[in-house]
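Engineer: run-v4.txt (compact mmCIF, C-alpha atoms) pasted underneath:
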# COMPACT_ATOMS: atom_id res chain seq x y z
CA MET A 1 8.56 22.68 7.25
CA ASN A 2 10.85 19.74 6.48
CA THR A 3 8.24 17.02 6.09
CA ILE A 4 10.80 14.22 6.06
CA PHE A 5 11.02 14.42 9.87
CA ILE A 6 7.29 13.62 9.96
CA VAL A 7 7.15 11.13 7.09
CA LEU A 8 9.94 8.78 8.17
CA PRO A 9 8.78 8.25 11.79
CA ILE A 10 5.18 7.64 10.66
CA LEU A 11 6.18 4.94 8.16
CA THR A 12 8.52 3.32 10.71
CA LEU A 13 5.75 3.28 13.32
CA LEU A 14 3.25 1.75 10.86
CA MET A 15 5.73 -0.97 9.88
CA PHE A 16 6.46 -1.71 13.54
CA ASP A 17 2.72 -2.06 14.11
CA LEU A 18 2.54 -4.52 11.21
CA GLY A 19 5.26 -6.61 12.86
CA LEU A 20 3.32 -6.60 16.15
CA ALA A 21 0.34 -8.16 14.35
CA LEU A 22 2.41 -10.97 12.84
CA ARG A 23 3.10 -14.43 14.22
CA PRO A 24 5.44 -17.10 12.79
CA SER A 25 2.35 -19.18 11.96
CA ASP A 26 1.24 -16.49 9.49
CA PHE A 27 4.06 -17.51 7.16
CA ARG A 28 2.84 -21.13 7.09
CA LEU A 29 -0.28 -20.09 5.23
CA LEU A 30 1.62 -20.31 1.94
CA VAL A 31 1.82 -24.08 2.49
CA GLU A 32 -1.59 -24.51 4.08
CA ARG A 33 -3.57 -22.40 1.57
CA PRO A 34 -1.28 -21.80 -1.41
CA TYR A 35 -4.01 -20.76 -3.87
CA ALA A 36 -5.33 -17.97 -1.66
CA VAL A 37 -1.84 -16.63 -0.93
CA MET A 38 -0.72 -16.87 -4.56
CA ALA A 39 -3.87 -15.06 -5.75
CA GLY A 40 -3.04 -12.14 -3.47
CA LEU A 41 0.65 -12.04 -4.34
CA ILE A 42 0.01 -12.24 -8.09
CA GLY A 43 -2.46 -9.39 -7.75
CA GLN A 44 -0.10 -7.21 -5.72
CA ILE A 45 3.27 -7.98 -7.27
CA ILE A 46 2.33 -8.52 -10.94
CA CYS A 47 -1.15 -7.21 -11.75
CA LEU A 48 -0.92 -3.89 -9.91
CA PRO A 49 2.18 -2.52 -11.71
CA LEU A 50 0.73 -3.65 -15.05
CA ILE A 51 -2.61 -1.96 -14.29
CA ALA A 52 -0.79 1.23 -13.21
CA LEU A 53 1.22 1.17 -16.44
CA LEU A 54 -2.01 0.77 -18.43
CA VAL A 55 -3.79 3.58 -16.57
CA GLY A 56 -0.81 5.93 -16.87
CA ASN A 57 -0.68 5.48 -20.63
CA LEU A 58 -4.46 5.50 -21.04
CA PHE A 59 -4.84 8.88 -19.31
CA HIS A 60 -1.57 10.33 -20.63
CA ILE A 61 -0.50 11.25 -17.13
CA GLU A 62 2.36 13.74 -16.81
CA PRO A 63 5.67 11.80 -16.40
CA ILE A 64 6.39 12.88 -12.81
CA PHE A 65 2.85 11.86 -11.77
CA PHE A 66 3.15 8.67 -13.83
CA LEU A 67 6.12 7.69 -11.64
CA GLY A 68 4.06 8.57 -8.57
CA VAL A 69 1.24 6.28 -9.70
CA MET A 70 3.71 3.45 -10.36
CA LEU A 71 5.14 4.04 -6.89
CA ILE A 72 1.69 3.45 -5.41
CA ALA A 73 1.43 0.18 -7.33
CA CYS A 74 4.72 -0.94 -5.78
CA SER A 75 3.62 -0.19 -2.19
CA PRO A 76 1.46 -3.04 -0.82
CA GLY A 77 -1.17 -2.32 1.82
CA GLY A 78 -0.03 -2.13 5.43
CA SER A 79 -1.87 -3.00 8.61
CA SER A 80 -4.87 -0.86 7.57
CA SER A 81 -5.83 -3.51 5.00
CA ASN A 82 -6.14 -6.02 7.86
CA VAL A 83 -8.66 -3.73 9.56
CA PHE A 84 -10.65 -3.29 6.35
CA SER A 85 -10.64 -7.06 5.82
CA MET A 86 -12.06 -7.55 9.31
CA LEU A 87 -14.76 -4.90 8.73
CA ALA A 88 -15.74 -6.60 5.45
CA GLY A 89 -16.04 -10.02 7.08
CA GLY A 90 -13.00 -11.24 5.19
CA ASP A 91 -10.27 -13.68 6.14
CA VAL A 92 -8.10 -11.67 8.55
CA ALA A 93 -5.46 -14.40 8.89
CA LEU A 94 -5.03 -14.40 5.09
CA SER A 95 -4.90 -10.60 5.08
CA VAL A 96 -2.13 -10.51 7.69
CA SER A 97 -0.13 -13.20 5.85
CA LEU A 98 -0.44 -11.43 2.50
CA THR A 99 0.62 -8.13 4.04
CA ALA A 100 3.70 -9.84 5.50
CA PHE A 101 4.69 -11.62 2.30
CA SER A 102 4.08 -8.66 -0.01
CA SER A 103 5.88 -6.21 2.29
CA ILE A 104 8.98 -8.43 2.25
CA ILE A 105 8.89 -9.21 -1.48
CA THR A 106 8.39 -5.59 -2.55
CA LEU A 107 11.45 -4.52 -0.57
CA PHE A 108 13.35 -5.93 -3.53
CA THR A 109 10.89 -5.73 -6.44
CA SER A 110 9.95 -2.05 -6.01
CA PRO A 111 13.51 -0.74 -6.65
CA LEU A 112 13.70 -2.85 -9.82
CA ILE A 113 10.28 -1.72 -11.12
CA MET A 114 10.86 1.95 -10.31
CA ASP A 115 14.32 1.86 -11.90
CA ALA A 116 12.78 0.38 -15.04
CA MET A 117 10.07 3.07 -15.02
CA ALA A 118 12.60 5.89 -14.59
CA SER A 119 14.47 4.51 -17.60
CA TYR A 120 11.18 4.12 -19.52
CA MET A 121 10.40 7.80 -18.96
CA GLY A 122 13.86 8.76 -20.16
CA SER A 123 14.45 12.47 -20.73
CA ALA A 124 10.74 13.22 -20.21
CA VAL A 125 11.35 13.45 -16.48
CA ASP A 126 14.43 14.79 -14.72
CA VAL A 127 14.50 12.16 -11.99
CA HIS A 128 17.32 9.88 -10.93
CA LEU A 129 16.70 6.79 -8.85
CA PRO A 130 19.57 5.59 -6.64
CA VAL A 131 18.47 1.96 -6.52
CA GLY A 132 20.89 1.08 -3.73
CA ASN A 133 19.59 3.92 -1.56
CA LEU A 134 15.98 2.80 -2.08
CA LEU A 135 16.86 -0.77 -1.16
CA VAL A 136 18.70 0.35 1.99
CA GLN A 137 15.86 2.71 2.97
CA ASN A 138 13.32 -0.08 2.48
CA ILE A 139 15.34 -2.35 4.76
CA VAL A 140 15.90 0.30 7.46
CA LEU A 141 12.40 1.81 7.49
CA MET A 142 10.37 -1.31 6.71
CA ALA A 143 12.18 -4.62 7.19
CA VAL A 144 13.84 -3.69 10.49
CA PRO A 145 10.67 -2.27 12.19
CA ILE A 146 8.65 -5.29 11.00
CA ALA A 147 11.31 -7.65 12.38
CA VAL A 148 11.44 -5.80 15.71
CA GLY A 149 7.66 -5.87 15.97
CA LEU A 150 7.62 -9.60 15.21
CA LEU A 151 10.24 -10.26 17.89
CA VAL A 152 8.18 -8.33 20.43
CA ALA A 153 5.10 -10.32 19.38
CA VAL A 154 6.94 -13.63 19.81
CA TYR A 155 8.72 -12.95 23.10
CA LYS A 156 6.44 -10.34 24.74
CA GLU A 157 2.99 -11.14 23.39
CA PRO A 158 0.96 -9.30 26.08
CA LEU A 159 3.01 -6.15 25.43
CA ALA A 160 2.64 -6.61 21.67
CA GLN A 161 -1.14 -6.85 21.99
CA LYS A 162 -1.31 -3.65 24.05
CA LEU A 163 0.95 -1.74 21.66
CA HIS A 164 -0.91 -3.02 18.60
CA GLY A 165 -4.23 -2.04 20.18
CA VAL A 166 -3.00 1.55 20.44
CA LEU A 167 -1.12 1.77 17.14
CA LYS A 168 -3.84 0.27 14.96
CA ARG A 169 -6.16 3.08 16.11
CA LEU A 170 -3.48 5.62 15.19
CA ALA A 171 -2.76 4.21 11.70
CA PHE A 172 -5.61 5.98 9.88
CA PRO A 173 -5.22 9.37 11.67
CA LEU A 174 -1.47 9.29 10.97
CA LEU A 175 -2.08 8.65 7.28
CA ILE A 176 -4.59 11.52 7.16
CA LEU A 177 -2.10 13.77 8.98
CA LEU A 178 0.59 12.87 6.47
CA ALA A 179 -1.68 13.46 3.49
CA SER A 180 -2.95 16.74 4.99
CA ILE A 181 0.56 18.14 5.44
CA PHE A 182 1.46 17.36 1.84
CA PHE A 183 -1.89 18.70 0.64
CA ILE A 184 -1.32 22.03 2.41
CA GLN A 185 2.18 22.34 0.94
CA ASN A 186 1.11 21.36 -2.59
CA ARG A 187 -2.55 22.44 -2.60
CA GLU A 188 -2.39 24.51 -5.80
CA THR A 189 -0.85 21.69 -7.84
CA ILE A 190 -3.22 19.11 -6.31
CA VAL A 191 -6.30 21.24 -7.06
CA ASP A 192 -5.13 21.83 -10.64
CA GLU A 193 -4.31 18.18 -11.29
CA PHE A 194 -7.12 16.56 -9.30
CA PRO A 195 -9.62 16.13 -12.19
CA LYS A 196 -7.24 13.93 -14.21
CA LEU A 197 -5.39 12.34 -11.27
CA GLY A 198 -8.58 11.71 -9.31
CA LEU A 199 -10.19 9.95 -12.27
CA SER A 200 -7.10 7.93 -13.23
CA ILE A 201 -6.47 6.81 -9.64
CA THR A 202 -10.13 5.88 -9.20
CA VAL A 203 -9.85 3.71 -12.32
CA LEU A 204 -6.61 2.22 -10.94
CA ILE A 205 -8.32 1.24 -7.68
CA LEU A 206 -11.42 -0.19 -9.37
CA LEU A 207 -9.38 -2.22 -11.89
CA SER A 208 -7.18 -3.50 -9.06
CA MET A 209 -10.23 -4.62 -7.10
CA LEU A 210 -11.65 -6.24 -10.25
CA SER A 211 -8.39 -8.12 -10.76
CA GLY A 212 -8.77 -9.39 -7.19
CA VAL A 213 -12.24 -10.70 -8.04
CA LEU A 214 -10.97 -12.42 -11.19
CA LEU A 215 -7.98 -13.98 -9.43
CA SER A 216 -10.26 -15.27 -6.67
CA TRP A 217 -12.56 -16.80 -9.29
CA VAL A 218 -9.67 -18.45 -11.14
CA MET A 219 -8.26 -19.86 -7.87
CA ARG A 220 -11.77 -20.91 -6.73
CA LEU A 221 -11.50 -19.14 -3.40
CA THR A 222 -14.21 -18.82 -0.77
CA GLN A 223 -16.28 -15.67 -0.41
CA LYS A 224 -14.34 -14.62 2.71
CA GLU A 225 -11.04 -15.14 0.89
CA GLN A 226 -12.29 -13.20 -2.12
CA ARG A 227 -13.19 -10.18 0.02
CA THR A 228 -9.70 -10.21 1.48
CA ILE A 229 -8.02 -10.51 -1.93
CA VAL A 230 -10.10 -7.62 -3.28
CA ILE A 231 -9.05 -5.42 -0.35
CA GLU A 232 -5.39 -6.49 -0.35
CA VAL A 233 -5.00 -5.88 -4.08
CA GLY A 234 -7.06 -2.69 -4.06
CA MET A 235 -5.53 -1.09 -0.96
CA GLN A 236 -1.98 0.22 -1.20
CA ASN A 237 0.32 1.82 1.35
CA ALA A 238 0.11 5.54 0.58
CA ALA A 239 2.47 6.38 3.47
CA GLN A 240 5.19 4.20 1.93
CA ALA A 241 4.74 5.81 -1.50
CA ILE A 242 4.88 9.32 0.00
CA THR A 243 8.01 8.42 1.97
CA ILE A 244 9.89 7.05 -1.04
CA ALA A 245 8.89 10.01 -3.25
CA SER A 246 9.84 12.70 -0.72
CA SER A 247 12.86 11.03 0.88
CA PRO A 248 16.11 12.99 0.32
CA PHE A 249 17.88 9.63 0.05
CA VAL A 250 15.75 8.45 -2.90
CA PHE A 251 13.66 10.66 -5.23
CA ASN A 252 13.58 13.80 -3.04
CA ASN A 253 10.52 15.02 -4.96
CA ASP A 254 7.36 16.15 -3.16
CA VAL A 255 5.49 16.54 -6.45
CA MET A 256 5.90 12.81 -7.11
CA ALA A 257 4.09 12.19 -3.82
CA ILE A 258 0.92 13.97 -5.01
CA PRO A 259 -0.64 10.85 -6.64
CA ALA A 260 -0.24 9.02 -3.31
CA ILE A 261 -2.06 11.86 -1.51
CA VAL A 262 -4.94 11.70 -4.00
CA TYR A 263 -4.83 7.90 -3.73
CA ALA A 264 -5.16 8.02 0.07
CA LEU A 265 -8.41 9.97 -0.31
CA MET A 266 -9.93 7.90 -3.12
CA MET A 267 -8.81 4.56 -1.66
CA ASN A 268 -10.56 5.15 1.64
CA LEU A 269 -13.75 6.44 -0.02
CA ILE A 270 -13.99 3.47 -2.41
CA LEU A 271 -13.05 0.76 0.08
CA LEU A 272 -15.29 2.14 2.81
CA THR A 273 -18.10 2.05 0.25
CA TYR A 274 -17.15 -1.55 -0.61
CA VAL A 275 -17.24 -2.53 3.07
CA GLY A 276 -20.54 -0.70 3.54
CA VAL A 277 -22.16 -2.51 0.60
CA ILE A 278 -20.99 -5.90 1.89
CA ASN A 279 -22.34 -5.25 5.39
CA TYR A 280 -25.61 -3.92 3.97
CA ARG A 281 -26.06 -7.08 1.89
CA LYS A 282 -25.37 -9.21 4.98
CA LYS A 283 -28.26 -7.51 6.78
Is it possible to express this structure as C-alpha cells?
Structural biologist:
Amino acid sequence: MNTIFIVLPILTLLMFDLGLALRPSDFRLLVERPYAVMAGLIGQIICLPLIALLVGNLFHIEPIFFLGVMLIACSPGGSSSNVFSMLAGGDVALSVSLTAFSSIITLFTSPLIMDAMASYMGSAVDVHLPVGNLLVQNIVLMAVPIAVGLLVAVYKEPLAQKLHGVLKRLAFPLLILLASIFFIQNRETIVDEFPKLGLSITVLILLSMLSGVLLSWVMRLTQKEQRTIVIEVGMQNAAQAITIASSPFVFNNDVMAIPAIVYALMMNLILLTYVGVINYRKK
C-alpha cells in the first residue's frame, strides 16, 4: 500500500479544518494579549526543539529516530489542541490564535531546524533533506488549505460552521487511522523500539508541558491561559510529522515516521489524563 495517498489528503483536510476555525480577529490577539501569545510561541518555536534535542541526546536515540523526534518538535498542534483546550476549560480563543501563528511560523522554521539537524547527524544517518521541497510542500499542504478554510470562514460563515462541525469530529479518528496504517506496516520495528522510544517521547511530552507551566508563571498568565499554553506546547501535530517523514518529495522514509506514531499514542494518553485531572479537581 502506498501510504502517501492516504497521508497527504488527511493532512490537507486537517489544515483546511484549522482554517475554517479561524477568523481575522484571531490574529489581533498578539496585540491584545501579547504575553499569552508570546508564551505559547516561545514554548512551541524555541523550547520544544531544544527539549527534543536534550531528550534525544539523553536517551541516545538512534539517529533516524532522533530526526523523527525533532520533526515532532517542529510540528505545532493542529485543531485537535483547540478541542483539548476546550475540554480542559482553557482559553479557546488563545488556543486557536496560537495554532494559527505557530502553523504559519513553522512553515519556514521547520525546514531550517530539520536541515540543521540533518547536518548535525552527519554520516550517522543516510538522509538528505531537500529544504526547498519541504518549504513548497508546507505551503501547498498547509498554508494553502488554511488560507482556503479562512476564506470560506470569512465569506461563507454558515457553511464554514457546518463543515467544521463535521471535520472536527473526524480529526481524531483520521489521526488514529493514519497511525494504525503505519503501525501495521512497521509493527516489528515499533514493538522492538517502543521501550526506549515510548519512554523518551513520554519525557518529551512531560517536559514540554512543564515548560508551558513555567512560561505561564513567568508571563503571569491566568489559570485558563496556563491550561491552554500547557496543551499547545505539549500537543504536537503527529499527522504533519508523519507526512513530512514519509513524503517522497522530502525525506521519503517511513522509519522516520515511527516516533510520530508512538507520539500520537502517548500524547493522547497523557493529555487526556491531564484534562481528566483538571475536570476532577473542578468537581
Engineer: Which polymer residues, protein or nucleic acid, are no farther than 8 Å from (-2.6, -13.5, 12.0), counting all atoms listed in the file, as a ChimeraX atom specification?
Structural biologist: /A:21-23,25-26,92-97
Engineer: I want to know what sits within 7 Å of Ala241 of chain A, based on only C-alpha atoms, with residues of the same chain fewer than 2 positions away left out; could you give that as JSON, numbers by chain?
Structural biologist: {"A": [71, 72, 75, 237, 238, 239, 243, 244, 245, 257, 260]}
Engineer: Tell me, as a PDB file with C-alpha atoms, keeping the file's coordinate frame, which residues lie within 10 Å of segment 183-197 of chain A, counting all atoms listed in the file; anything in the same chain fewer than 6 positions away does not count.
Structural biologist:
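The resulting selection07.pdb:
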ATOM      1  CA  MET A   1       8.560  22.680   7.250  1.00  0.00           C
ATOM      2  CA  THR A   3       8.240  17.020   6.090  1.00  0.00           C
ATOM      3  CA  GLY A  56      -0.810   5.930 -16.870  1.00  0.00           C
ATOM      4  CA  PHE A  59      -4.840   8.880 -19.310  1.00  0.00           C
ATOM      5  CA  HIS A  60      -1.570  10.330 -20.630  1.00  0.00           C
ATOM      6  CA  ILE A  61      -0.500  11.250 -17.130  1.00  0.00           C
ATOM      7  CA  GLU A  62       2.360  13.740 -16.810  1.00  0.00           C
ATOM      8  CA  PHE A  65       2.850  11.860 -11.770  1.00  0.00           C
ATOM      9  CA  PHE A  66       3.150   8.670 -13.830  1.00  0.00           C
ATOM     10  CA  VAL A  69       1.240   6.280  -9.700  1.00  0.00           C
ATOM     11  CA  LEU A 177      -2.100  13.770   8.980  1.00  0.00           C
ATOM     12  CA  VAL A 203      -9.850   3.710 -12.320  1.00  0.00           C
ATOM     13  CA  ASP A 254       7.360  16.150  -3.160  1.00  0.00           C
ATOM     14  CA  VAL A 255       5.490  16.540  -6.450  1.00  0.00           C
ATOM     15  CA  ALA A 257       4.090  12.190  -3.820  1.00  0.00           C
ATOM     16  CA  ILE A 258       0.920  13.970  -5.010  1.00  0.00           C
ATOM     17  CA  PRO A 259      -0.640  10.850  -6.640  1.00  0.00           C
ATOM     18  CA  ILE A 261      -2.060  11.860  -1.510  1.00  0.00           C
ATOM     19  CA  VAL A 262      -4.940  11.700  -4.000  1.00  0.00           C
ATOM     20  CA  TYR A 263      -4.830   7.900  -3.730  1.00  0.00           C
TER      21      TYR A 263
END
Engineer: Using only C-alpha atoms, which of A:Ala153, A:Val166, A:Leu215, A:Cys74 sits nearest Ile45 of chain A?
Structural biologist: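 Checking each candidate against Ile45 of chain A, we get A:Cys74 as the closest.
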Engineer: Using atom CA of Gln137 of chain A and atom CA of Phe251 of chain A as the two end points, give the distance in Å to one decimal.
Structural biologist: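 Straight-line distance from atom CA of Gln137 of chain A to atom CA of Phe251 of chain A works out to 11.6 Å.
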Engineer: Ser81 of chain A: which residues within 7 Å, counting all atoms listed in the file, same-chain residues fewer than 3 positions away excluded, as a PyMOL selection string?
Structural biologist: chain A and resi 77-78+84-85+231-232+235
Engineer: To one decimal place in Å, what is the distance between atom CA of Leu58 of chain A and atom CA of Thr109 of chain A?
Structural biologist: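 Atom CA of Thr109 of chain A lies at a distance of 24.0 Å from atom CA of Leu58 of chain A.
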Engineer: Rounded to one decimal, what separation in Å do you get between atom CA of Cys47 of chain A and atom CA of Leu271 of chain A?
Structural biologist: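 Calculated distance between atom CA of Cys47 of chain A and atom CA of Leu271 of chain A is 18.6 Å.
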Engineer: From the set A:Ile139, A:Ala88, A:Ile205, A:Leu8, which residue has the shortest atom-to-atom contact distance to Gln226 of chain A, counting all atoms listed in the file?
Structural biologist: A:Ala88
Engineer: Please provide as a list of chain:residue names all residues within 8 Å of Leu178 of chain A, with the sequence filter that same-chain residues fewer than 4 positions apart are discarded (counting all atoms listed in the file).
Structural biologist: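 Residues meeting the cut-off are A:Ile6, A:Val7, A:Leu174, A:Phe182, A:Ala239.
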Engineer: Calculated over only C-alpha atoms, which of the candidates A:Ser103, A:Leu20, A:Leu53, A:Leu98 has the smallest distance to Asn82 of chain A?
Structural biologist: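 Nearest to Asn82 of chain A: A:Leu98.
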Engineer: From the options A:Ile181, A:Met86, A:Met266, A:Met70, which residue's atoms come nearest to Leu50 of chain A, counting only C-alpha atoms?
Structural biologist: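 Checking each of A:Ile181, A:Met86, A:Met266, A:Met70 against Leu50 of chain A, counting only C-alpha atoms, the winner is A:Met70.
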Engineer: Given only C-alpha atoms as the basis, pick out the residue of A:Leu265, A:Val250, A:Leu170, A:Met15 nearest to Pro130 of chain A.
Structural biologist: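 Smallest separation from Pro130 of chain A among the options: A:Val250.
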Engineer: Using all atoms listed in the file, which protein or nucleic acid residues come within 10 Å of Phe172 of chain A? Drop anything in the same chain fewer than 6 positions from it, and give the result as a list in words.
Structural biologist: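 Non-adjacent residues within range: Leu14, Ser79, Ser80, Leu178 and Asn268 of chain A.
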Engineer: Using only C-alpha atoms, which residue out of A:Gln240, A:Gln223, A:Ser246, A:Ser110 lies closest to Gly132 of chain A?
Structural biologist: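 For Gly132 of chain A, the nearest of the given residues is A:Ser110.
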Engineer: Around the point (20.0, 7.9, 2.8), in the coordinates given by the file, pick out the residues reaching within 7 Å, counting all atoms listed in the file, and return them as a ChimeraX atom specification.
Structural biologist: /A:133,137,248-249
Engineer: Could the residues in this selection be saved with C-alpha atoms as a compact mmCIF listing (two decimals), in the frame of the given file?
Structural biologist:
# COMPACT_ATOMS: atom_id res chain seq x y z
CA ASN A 133 19.59 3.92 -1.56
CA GLN A 137 15.86 2.71 2.97
CA PRO A 248 16.11 12.99 0.32
CA PHE A 249 17.88 9.63 0.05
